[in-house]
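Student: File name final-v3.pdb; file contents PDB, C-alpha atoms, pLDDT in the B column; full text below.
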```
ATOM      1  CA  MET E  48       0.746 -43.526   9.374  1.00 63.00           C
ATOM      2  CA  ALA E  49       0.133 -47.007   8.024  1.00 80.00           C
ATOM      3  CA  ASN E  50      -2.532 -48.399  10.312  1.00 90.00           C
ATOM      4  CA  PRO E  51      -1.786 -52.087  11.027  1.00 92.00           C
ATOM      5  CA  TYR E  52      -5.279 -52.787  12.389  1.00 96.00           C
ATOM      6  CA  ALA E  53      -7.986 -51.187  10.243  1.00 96.00           C
ATOM      7  CA  THR E  54      -8.526 -49.115   7.124  1.00 94.00           C
ATOM      8  CA  ILE E  55     -11.309 -46.781   6.110  1.00 94.00           C
ATOM      9  CA  GLU E  56     -12.602 -49.664   3.957  1.00 95.00           C
ATOM     10  CA  ASN E  57     -12.849 -51.889   7.059  1.00 96.00           C
ATOM     11  CA  TYR E  58     -14.743 -49.099   8.804  1.00 96.00           C
ATOM     12  CA  THR E  59     -17.217 -48.537   5.976  1.00 95.00           C
ATOM     13  CA  ALA E  60     -17.802 -52.291   5.619  1.00 96.00           C
ATOM     14  CA  ARG E  61     -18.985 -52.297   9.245  1.00 95.00           C
ATOM     15  CA  TYR E  62     -20.761 -48.958   9.542  1.00 93.00           C
ATOM     16  CA  GLY E  63     -21.646 -47.909   6.012  1.00 92.00           C
ATOM     17  CA  GLY E  64     -20.261 -45.284   3.693  1.00 89.00           C
ATOM     18  CA  VAL E  65     -18.936 -41.944   4.818  1.00 88.00           C
ATOM     19  CA  GLY E  66     -18.849 -38.725   2.844  1.00 85.00           C
ATOM     20  CA  ASP E  67     -15.639 -37.234   1.510  1.00 85.00           C
ATOM     21  CA  SER E  68     -15.553 -34.670   4.292  1.00 83.00           C
ATOM     22  CA  ALA E  69     -15.805 -37.389   6.975  1.00 89.00           C
ATOM     23  CA  ALA E  70     -13.369 -39.851   5.390  1.00 90.00           C
ATOM     24  CA  GLU E  71     -10.256 -37.951   6.444  1.00 91.00           C
ATOM     25  CA  ARG E  72     -11.563 -37.473   9.989  1.00 91.00           C
ATOM     26  CA  ILE E  73     -12.470 -41.181  10.274  1.00 93.00           C
ATOM     27  CA  GLY E  74      -9.023 -42.092   8.954  1.00 93.00           C
ATOM     28  CA  ARG E  75      -7.447 -39.955  11.682  1.00 93.00           C
ATOM     29  CA  LEU E  76      -9.652 -41.554  14.336  1.00 93.00           C
ATOM     30  CA  LEU E  77      -8.613 -45.009  13.109  1.00 96.00           C
ATOM     31  CA  ASP E  78      -4.962 -43.956  13.341  1.00 95.00           C
ATOM     32  CA  ASP E  79      -5.513 -42.597  16.847  1.00 93.00           C
ATOM     33  CA  ALA E  80      -7.169 -45.864  17.883  1.00 94.00           C
ATOM     34  CA  ALA E  81      -4.221 -47.785  16.388  1.00 96.00           C
ATOM     35  CA  LEU E  82      -1.775 -45.880  18.601  1.00 94.00           C
ATOM     36  CA  PHE E  83      -3.712 -46.888  21.694  1.00 93.00           C
ATOM     37  CA  LEU E  84      -4.021 -50.455  20.429  1.00 95.00           C
ATOM     38  CA  ASP E  85      -0.247 -50.637  19.933  1.00 95.00           C
ATOM     39  CA  ALA E  86       0.185 -49.734  23.605  1.00 94.00           C
ATOM     40  CA  ALA E  87      -2.469 -52.266  24.666  1.00 93.00           C
ATOM     41  CA  VAL E  88      -0.864 -55.038  22.586  1.00 94.00           C
ATOM     42  CA  ASP E  89       2.428 -54.388  24.382  1.00 94.00           C
ATOM     43  CA  GLU E  90       0.904 -53.925  27.831  1.00 92.00           C
ATOM     44  CA  TYR E  91      -1.317 -57.001  27.788  1.00 91.00           C
ATOM     45  CA  GLY E  92       0.870 -59.241  25.612  1.00 92.00           C
ATOM     46  CA  ILE E  93      -1.803 -59.640  22.939  1.00 92.00           C
ATOM     47  CA  ASP E  94      -0.744 -61.784  19.967  1.00 93.00           C
ATOM     48  CA  ALA E  95      -1.510 -59.264  17.203  1.00 93.00           C
ATOM     49  CA  VAL E  96      -1.300 -61.879  14.443  1.00 94.00           C
ATOM     50  CA  ALA E  97      -3.656 -64.349  16.128  1.00 94.00           C
ATOM     51  CA  LYS E  98      -6.060 -61.572  17.156  1.00 94.00           C
ATOM     52  CA  ALA E  99      -5.895 -59.559  13.910  1.00 95.00           C
ATOM     53  CA  ASP E 100      -9.643 -59.788  13.239  1.00 95.00           C
ATOM     54  CA  ALA E 101     -10.470 -58.803  16.819  1.00 95.00           C
ATOM     55  CA  LEU E 102      -8.041 -55.868  16.699  1.00 96.00           C
ATOM     56  CA  GLU E 103      -9.616 -54.679  13.437  1.00 96.00           C
ATOM     57  CA  LEU E 104     -13.018 -54.809  15.098  1.00 96.00           C
ATOM     58  CA  VAL E 105     -11.753 -52.873  18.135  1.00 95.00           C
ATOM     59  CA  CYS E 106     -10.001 -50.249  16.022  1.00 96.00           C
ATOM     60  CA  CYS E 107     -13.152 -49.597  13.980  1.00 96.00           C
ATOM     61  CA  ALA E 108     -15.354 -49.630  17.089  1.00 94.00           C
ATOM     62  CA  ARG E 109     -13.156 -47.076  18.873  1.00 93.00           C
ATOM     63  CA  ALA E 110     -13.159 -44.765  15.845  1.00 93.00           C
ATOM     64  CA  ARG E 111     -16.950 -45.054  15.713  1.00 91.00           C
ATOM     65  CA  TYR E 112     -17.216 -44.402  19.458  1.00 88.00           C
ATOM     66  CA  LEU E 113     -15.112 -41.250  19.146  1.00 85.00           C
ATOM     67  CA  GLU E 114     -16.977 -40.138  16.041  1.00 85.00           C
ATOM     68  CA  GLU E 115     -20.245 -40.336  17.957  1.00 80.00           C
ATOM     69  CA  ARG E 116     -19.040 -39.263  21.411  1.00 75.00           C
ATOM     70  CA  GLY E 117     -15.703 -37.549  20.937  1.00 64.00           C
ATOM     71  CA  ASP E 118     -16.779 -34.260  22.421  1.00 62.00           C
ATOM     72  CA  GLY E 119     -18.079 -35.909  25.595  1.00 64.00           C
ATOM     73  CA  SER E 120     -21.694 -35.000  24.996  1.00 67.00           C
ATOM     74  CA  ALA E 121     -24.551 -36.801  26.731  1.00 70.00           C
ATOM     75  CA  SER E 122     -26.900 -36.420  23.765  1.00 75.00           C
ATOM     76  CA  ARG E 123     -27.149 -35.158  20.204  1.00 76.00           C
ATOM     77  CA  THR E 124     -30.069 -33.485  18.463  1.00 84.00           C
ATOM     78  CA  GLN E 125     -30.560 -32.880  14.760  1.00 86.00           C
ATOM     79  CA  GLN E 126     -33.315 -30.660  13.466  1.00 89.00           C
ATOM     80  CA  ALA E 127     -34.677 -29.938  10.030  1.00 89.00           C
ATOM     81  CA  GLY E 128     -37.692 -27.651   9.960  1.00 90.00           C
ATOM     82  CA  PRO E 129     -40.324 -28.946  12.354  1.00 90.00           C
ATOM     83  CA  TYR E 130     -38.657 -32.359  12.680  1.00 91.00           C
ATOM     84  CA  SER E 131     -36.020 -33.251  15.219  1.00 89.00           C
ATOM     85  CA  TYR E 132     -34.109 -36.382  16.157  1.00 87.00           C
ATOM     86  CA  THR E 133     -32.382 -36.851  19.517  1.00 85.00           C
ATOM     87  CA  VAL E 134     -29.995 -39.575  20.636  1.00 79.00           C
ATOM     88  CA  SER E 135     -29.171 -39.786  24.348  1.00 77.00           C
ATOM     89  CA  TYR E 136     -26.219 -41.769  25.643  1.00 69.00           C
ATOM     90  CA  THR E 137     -26.599 -43.694  28.885  1.00 65.00           C
ATOM     91  CA  LYS E 138     -22.910 -43.974  29.711  1.00 64.00           C
ATOM     92  CA  PRO E 139     -20.444 -41.093  29.918  1.00 63.00           C
ATOM     93  CA  PRO E 140     -17.451 -41.172  27.558  1.00 67.00           C
ATOM     94  CA  ARG E 141     -14.634 -43.355  28.877  1.00 75.00           C
ATOM     95  CA  ASP E 142     -10.888 -43.430  28.489  1.00 83.00           C
ATOM     96  CA  PHE E 143      -9.420 -45.999  26.111  1.00 87.00           C
ATOM     97  CA  ARG E 144      -8.133 -48.463  28.724  1.00 88.00           C
ATOM     98  CA  SER E 145     -11.468 -48.730  30.588  1.00 87.00           C
ATOM     99  CA  TRP E 146     -13.436 -48.866  27.358  1.00 85.00           C
ATOM    100  CA  LEU E 147     -11.188 -51.611  25.941  1.00 90.00           C
ATOM    101  CA  ARG E 148     -11.391 -53.822  29.035  1.00 89.00           C
ATOM    102  CA  ASP E 149     -15.129 -53.357  29.495  1.00 88.00           C
ATOM    103  CA  GLU E 150     -16.171 -53.771  25.874  1.00 89.00           C
ATOM    104  CA  PHE E 151     -13.586 -56.126  24.399  1.00 91.00           C
ATOM    105  CA  GLY E 152     -11.577 -57.588  27.278  1.00 89.00           C
ATOM    106  CA  ALA E 153     -12.953 -61.100  26.880  1.00 90.00           C
ATOM    107  CA  LEU E 154     -12.400 -61.030  23.120  1.00 90.00           C
ATOM    108  CA  LEU E 155      -8.759 -60.010  23.519  1.00 91.00           C
ATOM    109  CA  GLY E 156      -8.040 -62.105  26.613  1.00 88.00           C
ATOM    110  CA  ILE E 157      -7.509 -59.202  28.987  1.00 86.00           C
ATOM    111  CA  SER E 158      -9.270 -58.337  32.215  1.00 72.00           C
ATOM    112  CA  GLU E 159      -9.279 -55.815  35.014  1.00 62.00           C
ATOM    113  CA  GLY E 160      -7.841 -58.248  37.480  1.00 59.00           C
ATOM    114  CA  GLY E 161      -9.600 -59.190  40.649  1.00 52.00           C
ATOM    115  CA  VAL E 162      -9.558 -59.470  44.369  1.00 53.00           C
ATOM    116  CA  ALA E 163      -7.884 -62.342  46.118  1.00 52.00           C
ATOM    117  CA  CYS E 164      -8.714 -63.617  49.570  1.00 57.00           C
ATOM    118  CA  VAL E 165      -6.025 -65.146  51.709  1.00 57.00           C
ATOM    119  CA  PRO E 166      -7.011 -67.025  54.845  1.00 60.00           C
ATOM    120  CA  LEU E 167      -5.328 -65.631  57.914  1.00 57.00           C
ATOM    121  CA  GLY E 168      -3.759 -68.236  60.145  1.00 59.00           C
ATOM    122  CA  PHE E 169      -4.673 -67.480  63.720  1.00 63.00           C
ATOM    123  CA  GLY E 170      -3.531 -70.270  65.957  1.00 60.00           C
ATOM    124  CA  GLU E 171      -2.778 -73.810  64.836  1.00 62.00           C
ATOM    125  CA  PRO E 172      -3.426 -75.007  61.277  1.00 55.00           C
TER     126      PRO E 172
END
```
So, in terms of structure tokens, how does the structure I just supplied come out?
Tutor:
Amino acid sequence: MANPYATIENYTARYGGVGDSAAERIGRLLDDAALFLDAAVDEYGIDAVAKADALELVCCARARYLEERGDGSASRTQQAGPYSYTVSYTKPPRDFRSWLRDEFGALLGISEGGVACVPLGFGEP
């Protein structure tokens, strides 16, 4: 799939190099993110040309998010001999739509919507 939003080079420019074994997986995650972004562009009427830089950012960020949290874990621990390193996540993994609106809604011009109040007319105006 030719990803219209981000390449592995865009990803590594943001997050640093990846090993050969991770490059294919990251490429797949970028392609997966692009599929969801295609749906979001259609659903929200995002101008993909005008927002190309923002969409590249979102595509890379989603791939990174899934790389770090894809299995839904709350924390990760690495250990080498007597040393260990633990990262704990404060938020549970979220679906693409919620994640997109919460993290990048303002950047892309989309929002959750809101609540409207309508005055009720009891009696004379």
Student: Residues within 12 Å of region 62-65 of chain E, please, as a ChimeraX atom specification. Count all atoms listed in the file; anything in the same chain fewer than 2 positions from it doesn't count.
Tutor: /E:55-60,67-74,104,107-108,110-112,114
Student: How would you write, as an MDAnalysis selection string, the residues chosen by the PyMOL selection byres ((chain E and resi 52) around 9) on this structure?
Tutor: chainID E and resid 50:51 53:54 77:78 81 84 95 99:100 102:107
Student: Using the chain letters and numbers from the file, which residues does the PyMOL selection byres ((chain E and resi 146-155) around 9) grab, as a PDB file with C-alpha atoms, in the coordinates of the input?
Tutor:
```
ATOM      1  CA  ALA E  87      -2.469 -52.266  24.666  1.00 93.00           C
ATOM      2  CA  ILE E  93      -1.803 -59.640  22.939  1.00 92.00           C
ATOM      3  CA  ASP E  94      -0.744 -61.784  19.967  1.00 93.00           C
ATOM      4  CA  LYS E  98      -6.060 -61.572  17.156  1.00 94.00           C
ATOM      5  CA  ALA E 101     -10.470 -58.803  16.819  1.00 95.00           C
ATOM      6  CA  LEU E 102      -8.041 -55.868  16.699  1.00 96.00           C
ATOM      7  CA  VAL E 105     -11.753 -52.873  18.135  1.00 95.00           C
ATOM      8  CA  ARG E 109     -13.156 -47.076  18.873  1.00 93.00           C
ATOM      9  CA  PRO E 140     -17.451 -41.172  27.558  1.00 67.00           C
ATOM     10  CA  ARG E 141     -14.634 -43.355  28.877  1.00 75.00           C
ATOM     11  CA  ASP E 142     -10.888 -43.430  28.489  1.00 83.00           C
ATOM     12  CA  PHE E 143      -9.420 -45.999  26.111  1.00 87.00           C
ATOM     13  CA  ARG E 144      -8.133 -48.463  28.724  1.00 88.00           C
ATOM     14  CA  SER E 145     -11.468 -48.730  30.588  1.00 87.00           C
ATOM     15  CA  GLY E 156      -8.040 -62.105  26.613  1.00 88.00           C
ATOM     16  CA  ILE E 157      -7.509 -59.202  28.987  1.00 86.00           C
ATOM     17  CA  SER E 158      -9.270 -58.337  32.215  1.00 72.00           C
ATOM     18  CA  GLU E 159      -9.279 -55.815  35.014  1.00 62.00           C
TER      19      GLU E 159
END
```
